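Peer 1: My structure is stored as my_file-v2.cif, with mmCIF, C-alpha atoms and all ligand atoms.
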```cif
data_target
#
loop_
_atom_site.label_atom_id
_atom_site.label_comp_id
_atom_site.auth_asym_id
_atom_site.auth_seq_id
_atom_site.Cartn_x
_atom_site.Cartn_y
_atom_site.Cartn_z
CA MET K 290 178.70 -77.35 -8.98
CA SER K 291 180.44 -78.09 -5.75
CA PHE K 292 178.54 -78.16 -2.48
CA LEU K 293 179.75 -78.78 1.02
CA LYS K 294 177.36 -79.94 3.74
CA THR K 295 178.73 -79.46 7.22
CA GLU K 296 177.83 -78.72 10.81
CA GLY K 297 179.48 -75.68 12.28
CA ILE K 298 179.26 -72.68 14.54
CA VAL K 299 179.42 -69.05 13.40
CA VAL K 300 182.16 -67.18 15.27
CA LYS K 301 182.45 -63.93 13.36
CA GLU K 302 180.41 -61.79 11.00
CA VAL K 303 181.51 -58.82 8.90
CA SER K 304 179.16 -56.65 6.84
CA THR K 305 179.84 -56.32 3.15
CA GLY K 306 178.01 -54.78 0.22
CA GLU K 307 174.51 -53.41 0.70
CA ALA K 308 172.94 -56.23 2.67
CA ASP K 309 175.44 -59.08 2.61
CA LYS K 310 177.85 -60.38 5.19
CA ILE K 311 180.84 -62.67 5.36
CA ILE K 312 180.78 -65.12 8.23
CA THR K 313 183.51 -67.27 9.73
CA ILE K 314 182.35 -70.78 10.60
CA LEU K 315 184.20 -73.40 12.64
CA THR K 316 183.22 -76.66 11.01
CA ARG K 317 183.57 -80.31 11.97
CA GLY K 318 185.31 -81.42 8.81
CA GLN K 319 187.07 -78.38 7.36
CA GLY K 320 188.27 -76.40 10.34
CA ARG K 321 187.72 -72.70 9.94
CA LEU K 322 186.20 -71.27 6.78
CA SER K 323 184.67 -68.03 5.51
CA ALA K 324 181.41 -67.84 3.59
CA LEU K 325 179.38 -65.10 1.97
CA VAL K 326 175.76 -64.76 3.10
CA LYS K 327 173.89 -63.05 0.25
CA GLY K 328 171.28 -60.70 1.70
CA GLY K 329 172.11 -62.02 5.19
CA ARG K 330 171.61 -58.62 6.83
CA ARG K 331 168.03 -58.30 5.60
CA PRO K 332 165.78 -59.08 8.57
CA ARG K 333 163.53 -61.29 6.54
CA SER K 334 166.29 -63.24 4.85
CA ARG K 335 165.86 -67.00 5.33
CA LEU K 336 169.58 -67.04 6.17
CA SER K 337 169.60 -64.31 8.82
CA ALA K 338 168.86 -66.50 11.89
CA GLY K 339 171.40 -69.19 11.09
CA SER K 340 174.20 -66.82 10.13
CA GLN K 341 174.47 -64.94 13.42
CA VAL K 342 177.42 -65.26 15.75
CA LEU K 343 177.18 -68.27 18.12
CA CYS K 344 174.59 -70.02 15.99
CA TYR K 345 175.41 -73.71 15.64
CA GLY K 346 173.80 -75.20 12.57
CA ASP K 347 173.77 -77.53 9.62
CA PHE K 348 175.13 -75.60 6.65
CA VAL K 349 175.05 -76.24 2.93
CA LEU K 350 177.77 -74.15 1.31
CA TYR K 351 178.42 -73.56 -2.34
CA LYS K 352 182.08 -73.40 -3.26
CA GLY K 353 182.70 -70.39 -5.46
CA ARG K 354 186.02 -69.44 -7.05
CA GLU K 355 187.31 -67.57 -4.07
CA LEU K 356 184.81 -67.94 -1.29
CA TYR K 357 182.09 -70.26 -0.15
CA SER K 358 178.58 -68.90 -0.08
CA VAL K 359 175.85 -70.09 2.24
CA ASN K 360 173.13 -71.89 0.33
CA SER K 361 171.05 -72.96 3.33
CA CYS K 362 171.36 -73.19 7.07
CA GLU K 363 169.31 -75.16 9.56
CA VAL K 364 169.71 -73.94 13.14
CA ILE K 365 170.60 -76.72 15.61
CA GLU K 366 171.52 -74.65 18.70
CA PRO K 367 171.20 -70.85 18.77
CA PHE K 368 172.60 -70.40 22.33
CA TYR K 369 169.95 -67.78 23.13
CA GLU K 370 170.81 -67.90 26.86
CA ILE K 371 174.25 -66.55 26.01
CA ARG K 372 173.21 -64.00 23.42
CA ASN K 373 170.63 -62.48 25.77
CA ASP K 374 173.02 -62.07 28.69
CA VAL K 375 175.83 -59.52 28.35
CA VAL K 376 178.03 -61.23 30.97
CA LYS K 377 177.74 -64.69 29.38
CA LEU K 378 178.23 -63.11 25.98
CA THR K 379 181.50 -61.56 27.16
CA TYR K 380 182.80 -64.95 28.36
CA ALA K 381 181.73 -66.50 25.04
CA ALA K 382 183.59 -63.74 23.17
CA HIS K 383 186.74 -64.64 25.12
CA PHE K 384 186.34 -68.35 24.20
CA THR K 385 185.76 -67.32 20.58
CA ASP K 386 188.97 -65.23 20.52
CA ILE K 387 190.89 -68.28 21.67
CA VAL K 388 189.42 -70.74 19.15
CA LEU K 389 189.96 -68.24 16.35
CA GLU K 390 193.61 -68.17 17.33
CA LEU K 391 193.89 -71.97 17.54
CA ILE K 392 191.78 -73.28 14.65
CA GLN K 393 193.27 -72.71 11.20
CA GLU K 394 191.65 -72.70 7.79
CA ASN K 395 191.15 -76.14 6.26
CA GLN K 396 192.58 -77.87 9.32
CA PRO K 397 189.93 -79.95 11.06
CA ALA K 398 190.07 -79.55 14.85
CA PRO K 399 187.22 -81.78 16.08
CA ARG K 400 188.42 -81.99 19.72
CA LEU K 401 188.78 -78.26 20.04
CA LEU K 402 185.39 -77.68 18.43
CA SER K 403 183.78 -80.16 20.87
CA LEU K 404 185.45 -78.41 23.81
CA PHE K 405 184.22 -75.04 22.54
CA LEU K 406 180.63 -76.32 22.14
CA ASN K 407 180.63 -78.08 25.53
CA SER K 408 181.96 -74.93 27.21
CA LEU K 409 179.22 -72.84 25.58
CA HIS K 410 176.60 -75.37 26.77
CA MET K 411 177.96 -75.13 30.31
CA LEU K 412 177.93 -71.34 30.13
CA ALA K 413 174.39 -71.30 28.74
CA ARG K 414 172.66 -73.88 30.93
CA SER K 415 174.66 -74.87 33.98
CA SER K 416 175.05 -73.11 37.30
CA ARG K 417 178.83 -73.55 37.17
CA ASP K 418 180.84 -70.42 37.89
CA PRO K 419 181.76 -68.84 34.52
CA ASP K 420 185.30 -68.25 35.82
CA LEU K 421 185.68 -71.99 36.40
CA ILE K 422 184.31 -72.81 32.93
CA THR K 423 186.76 -70.24 31.53
CA SER K 424 189.81 -71.70 33.26
CA ILE K 425 188.87 -75.21 32.16
CA PHE K 426 188.37 -74.00 28.61
CA GLU K 427 191.63 -72.03 28.49
CA LEU K 428 193.92 -74.75 29.80
CA ARG K 429 192.24 -77.61 27.95
CA ALA K 430 192.19 -75.66 24.66
CA VAL K 431 195.94 -74.96 24.74
CA SER K 432 196.58 -78.56 25.87
CA ILE K 433 194.59 -80.01 22.94
CA SER K 434 196.49 -77.72 20.59
CA GLY K 435 199.87 -79.15 21.52
CA TYR K 436 200.88 -76.88 24.40
CA ALA K 437 199.92 -79.15 27.33
CA PRO K 438 201.94 -78.49 30.48
CA ASN K 439 203.73 -81.47 32.01
CA VAL K 440 201.64 -82.27 35.06
CA GLU K 441 202.56 -85.95 35.46
CA ALA K 442 205.97 -85.53 37.02
CA CYS K 443 208.26 -82.92 38.55
CA MET K 444 209.98 -80.99 35.75
CA ALA K 445 213.26 -80.96 37.65
CA CYS K 446 213.71 -84.48 39.11
CA GLY K 447 211.10 -86.54 37.24
CA ALA K 448 209.51 -87.90 40.43
CA ALA K 449 205.72 -88.24 40.59
CA PRO K 450 204.80 -87.36 44.20
CA GLU K 451 201.28 -87.22 45.66
CA ARG K 452 201.34 -83.46 45.59
CA TYR K 453 203.16 -80.73 43.69
CA TYR K 454 204.11 -77.41 45.22
CA SER K 455 204.67 -75.00 42.37
CA PHE K 456 204.11 -74.39 38.69
CA SER K 457 207.02 -73.35 36.52
CA PHE K 458 205.92 -71.24 33.55
CA ARG K 459 209.47 -71.31 32.26
CA ASN K 460 209.51 -75.12 32.16
CA CYS K 461 205.77 -75.57 31.48
CA GLY K 462 205.01 -77.88 34.38
CA PHE K 463 205.00 -78.79 38.05
CA LEU K 464 207.86 -78.83 40.54
CA CYS K 465 207.93 -80.97 43.69
CA ASP K 466 209.05 -79.82 47.16
CA ARG K 467 212.66 -81.03 47.13
CA PRO K 468 214.93 -78.03 47.76
CA ALA K 469 216.88 -78.63 44.55
CA CYS K 470 213.63 -78.71 42.59
CA ILE K 471 212.22 -75.59 44.22
CA GLY K 472 215.47 -73.84 43.31
CA HIS K 473 215.21 -75.09 39.72
CA ASP K 474 213.08 -72.10 38.74
CA GLY K 475 213.07 -69.20 41.19
CA SER K 476 210.16 -67.59 39.36
CA ALA K 477 207.88 -70.67 39.74
CA VAL K 478 204.46 -69.88 41.23
CA PRO K 479 203.44 -71.66 44.48
CA LEU K 480 200.41 -73.93 44.11
CA SER K 481 197.93 -75.22 46.69
CA ALA K 482 197.14 -78.95 46.71
CA GLY K 483 193.64 -78.21 45.35
CA ALA K 484 194.99 -76.13 42.49
CA SER K 485 197.54 -78.74 41.42
CA ARG K 486 194.86 -81.47 41.41
CA ALA K 487 192.49 -79.25 39.42
CA ILE K 488 195.17 -78.53 36.82
CA GLN K 489 195.85 -82.27 36.40
CA HIS K 490 192.13 -82.91 36.02
CA ILE K 491 191.72 -80.19 33.38
CA VAL K 492 194.63 -81.50 31.31
CA TYR K 493 193.77 -85.22 31.51
CA ALA K 494 190.10 -85.86 32.38
CA PRO K 495 187.88 -87.47 29.71
CA MET K 496 185.64 -84.86 28.07
CA LYS K 497 182.49 -86.11 29.76
CA GLU K 498 184.00 -85.62 33.22
CA LEU K 499 185.85 -82.41 32.40
CA PHE K 500 183.43 -79.99 34.06
CA SER K 501 182.35 -82.20 36.96
CA PHE K 502 184.18 -80.62 39.84
CA GLY K 503 183.91 -77.50 41.96
CA LEU K 504 186.47 -75.30 43.69
CA SER K 505 186.47 -72.81 46.55
CA ARG K 506 186.68 -69.18 45.44
CA GLU K 507 190.25 -69.01 46.69
CA VAL K 508 191.45 -72.00 44.66
CA LEU K 509 189.44 -70.85 41.67
CA ASP K 510 191.21 -67.47 41.74
CA GLU K 511 194.53 -69.28 41.90
CA ILE K 512 193.62 -71.50 38.94
CA ALA K 513 192.29 -68.54 36.97
CA ARG K 514 195.57 -66.60 37.37
CA THR K 515 197.53 -69.69 36.33
CA THR K 516 195.50 -70.64 33.26
CA ARG K 517 195.25 -67.02 32.01
CA ARG K 518 199.00 -66.54 32.27
CA TYR K 519 199.72 -69.93 30.70
CA LEU K 520 197.42 -69.08 27.79
CA ARG K 521 199.07 -65.68 27.31
CA GLU K 522 202.60 -67.04 27.43
CA ARG K 523 202.01 -70.06 25.20
CA LEU K 524 200.05 -68.18 22.53
CA GLU K 525 202.15 -65.04 22.92
CA ARG K 526 199.26 -62.60 22.94
CA GLU K 527 196.85 -60.89 25.28
CA PHE K 528 193.19 -61.87 25.39
CA SER K 529 191.36 -58.81 26.64
CA LYS K 530 187.65 -59.47 26.10
CA LEU K 531 187.06 -60.27 29.79
CA ASP K 532 188.39 -56.83 30.80
CA PHE K 533 184.94 -55.58 29.84
CA LEU K 534 183.49 -57.33 32.91
CA LYS K 535 185.43 -54.95 35.15
CA GLU K 536 183.64 -52.00 33.55
CA ILE K 537 180.04 -53.17 34.03
ZN ZN M 601 211.34 -82.64 41.93
#
```
Once more with this new file: its structure as structure tokens, please.

Peer 2:
Amino acid sequence: MSFLKTEGIVVKEVSTGEADKIITILTRGQGRLSALVKGGRRPRSRLSAGSQVLCYGDFVLYKGRELYSVNSCEVIEPFYEIRNDVVKLTYAAHFTDIVLELIQENQPAPRLLSLFLNSLHMLARSSRDPDLITSIFELRAVSISGYAPNVEACMACGAAPERYYSFSFRNCGFLCDRPACIGHDGSAVPLSAGASRAIQHIVYAPMKELFSFGLSREVLDEIARTTRRYLRERLEREFSKLDFLKEI
């Protein structure tokens, strides 16, 4: 018999059979994997608590011929603060959509998983604006996954000035204020000094300092537009879960 012991977070559950479900877990060692939870929809199942979406736990999985099945699960962090708050839950669903897009089966993605867990912790327990946490998560997640924008030097002339003036989505990076550089991409989006510094921080800061900054509402809106568009253009799809917040 083949068992796999791993920590992971449940990001999706689908009902199957009379009382079973299939869950998707993002694990430390194996990347993304699917596992059957026998009887997992029965309220008194010993596996029901640990197999719910956003539950981070210690799993023992049995490797069957086609699918893993969950043998046991010890809850480490249930993220109750998120699950009991419809607004936080909507932000978490947006983060989940993004990690599901970026983490593949059997491809460990420890940095992305850490970012996801840290972002959920911030959403659950900090007083940080959820829009700021979201922008940090979006830009850092695509950067970790190989789509980092170039924010160390001007994309047109290669100089590294104190301050950058615009972001070129076409060239995936900053432009400086030299006329030739501004003209390099007519569709580049103007950036305030605060926004360009925040973008550099999000791409390069060590994980433990990643969330330690604040922004005015104005700069935050600017950053949010930039990171959302960058995410959409790099991953070539819309992420629409946050639209729900406009309806409530
Ligand atoms: Zn330049």

Peer 1: Please list as an MDAnalysis selection string every residue within 10 Å of region 321-335 of chain K, counting only C-alpha atoms and excluding residues in the same chain fewer than 6 positions away.

Peer 2: chainID K and resid 297:315 341 350:353 355:363 388:389 391:398

Peer 1: Counting all atoms listed in the file, what are the residues, protein, DNA or RNA alike, that approach ligand ZN 601 (chain M) to within 10 Å? I want them as a ChimeraX atom specification.

Peer 2: /K:442-450,453-454,463-473

Peer 1: Pick from K:Arg317, K:His490, K:His410, K:Arg517: nearest to Glu366 (chain K), with all atoms listed in the file counted?

Peer 2: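 Selected residue with least distance to Glu366 (chain K): K:His410.
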
Peer 1: So that all listed atoms of region 308-319 of chain K fit with 6 Å spare on each side, what axis-aligned box centre and edge lengths in Å, to one decimal, would you give as JSON?

Peer 2:
```
{"center_x": 180.0, "center_y": -68.8, "center_z": 7.6, "size_x": 26.1, "size_y": 37.2, "size_z": 22.0}
```

Peer 1: Skipping near chain neighbours, those fewer than 5 positions away, what residues fall within 12 Å of Ala494 (chain K) using only C-alpha atoms, listed as a ChimeraX atom specification?

Peer 2: /K:425,429,432-433,486-489,499-502

Peer 1: For Leu524 (chain K), which residue out of K:Leu412, K:Ser434, K:Ser337, K:Arg506 is the nearest one, using all atoms listed in the file?

Peer 2: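 Closest residue, counting all atoms listed in the file: K:Ser434.
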
Peer 1: By how many Å are CA of Arg354 (chain K) and CA of Leu401 (chain K) apart?

Peer 2: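 Taking CA of Arg354 (chain K) and CA of Leu401 (chain K), their separation equals 28.6 Å.
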
Peer 1: Give the answer as one residue: which of K:Leu293, K:Val342, K:Leu428, K:Val364 has the shortest atom-to-atom distance to Val492 (chain K), using all atoms listed in the file?

Peer 2: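 Of the candidates, the smallest distance to Val492 (chain K) is held by K:Leu428.
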
Peer 1: Pick the closest to Arg514 (chain K) from K:Pro495, K:Pro479, K:Gly339, K:Gly346: which is it, counting all atoms listed in the file?

Peer 2: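 Distance minimum relative to Arg514 (chain K) lands on K:Pro479.
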
Peer 1: Considering all atoms listed in the file, return as a ChimeraX atom specification whatever protein or nucleic-acid residues lie within 12 Å of Leu409 (chain K), sequence-local ones (same chain, fewer than 6 positions apart) excluded.

Peer 2: /K:298,343-345,366-372,377-385,402-403,415,417,419,422-423,425-426,500

Peer 1: Could you jot down the CA of Ser424 (chain K) to CA of Ala513 (chain K) separation for me, Å, one decimal place?

Peer 2: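 So the answer is 5.5 Å.
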
Peer 1: Which residue gives the smallest distance to Asn460 (chain K) among K:Asp420, K:Glu522, K:Glu498, K:Glu536, with all atoms listed in the file counted?

Peer 2: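 The closest residue to Asn460 (chain K) is K:Glu522.
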
Peer 1: For region 515-526 of chain K, supply N, CA, C and O atoms and report the output as a short mmCIF file (atom, residue, chain, number, x, y, z; two decimals), keeping the file's coordinate frame.

Peer 2:
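Output saved as result_37.cif:
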```cif
data_model
loop_
_atom_site.label_atom_id
_atom_site.label_comp_id
_atom_site.auth_asym_id
_atom_site.auth_seq_id
_atom_site.Cartn_x
_atom_site.Cartn_y
_atom_site.Cartn_z
N THR K 515 196.59 -68.78 36.97
CA THR K 515 197.53 -69.69 36.33
C THR K 515 197.16 -69.97 34.88
O THR K 515 198.01 -69.89 33.99
N THR K 516 195.89 -70.28 34.64
CA THR K 516 195.50 -70.64 33.26
C THR K 516 195.58 -69.43 32.33
O THR K 516 196.00 -69.55 31.19
N ARG K 517 195.21 -68.23 32.87
CA ARG K 517 195.25 -67.02 32.01
C ARG K 517 196.69 -66.72 31.61
O ARG K 517 197.00 -66.40 30.47
N ARG K 518 197.60 -66.84 32.58
CA ARG K 518 199.00 -66.54 32.27
C ARG K 518 199.58 -67.60 31.32
O ARG K 518 200.35 -67.28 30.41
N TYR K 519 199.20 -68.86 31.55
CA TYR K 519 199.72 -69.93 30.70
C TYR K 519 199.25 -69.72 29.26
O TYR K 519 200.02 -69.86 28.31
N LEU K 520 197.99 -69.36 29.11
CA LEU K 520 197.42 -69.08 27.79
C LEU K 520 198.19 -67.95 27.10
O LEU K 520 198.60 -68.05 25.95
N ARG K 521 198.40 -66.87 27.86
CA ARG K 521 199.07 -65.68 27.31
C ARG K 521 200.50 -66.01 26.90
O ARG K 521 200.95 -65.65 25.82
N GLU K 522 201.19 -66.76 27.73
CA GLU K 522 202.60 -67.04 27.43
C GLU K 522 202.76 -68.06 26.30
O GLU K 522 203.66 -67.93 25.47
N ARG K 523 201.88 -69.07 26.26
CA ARG K 523 202.01 -70.06 25.20
C ARG K 523 201.60 -69.48 23.84
O ARG K 523 202.20 -69.76 22.83
N LEU K 524 200.53 -68.69 23.82
CA LEU K 524 200.05 -68.18 22.53
C LEU K 524 200.65 -66.81 22.20
O LEU K 524 200.40 -66.26 21.14
N GLU K 525 201.43 -66.29 23.13
CA GLU K 525 202.15 -65.04 22.92
C GLU K 525 201.26 -63.89 22.49
O GLU K 525 201.56 -63.16 21.55
N ARG K 526 200.10 -63.78 23.15
CA ARG K 526 199.26 -62.60 22.94
C ARG K 526 198.31 -62.42 24.12
O ARG K 526 198.07 -63.35 24.88
#
```
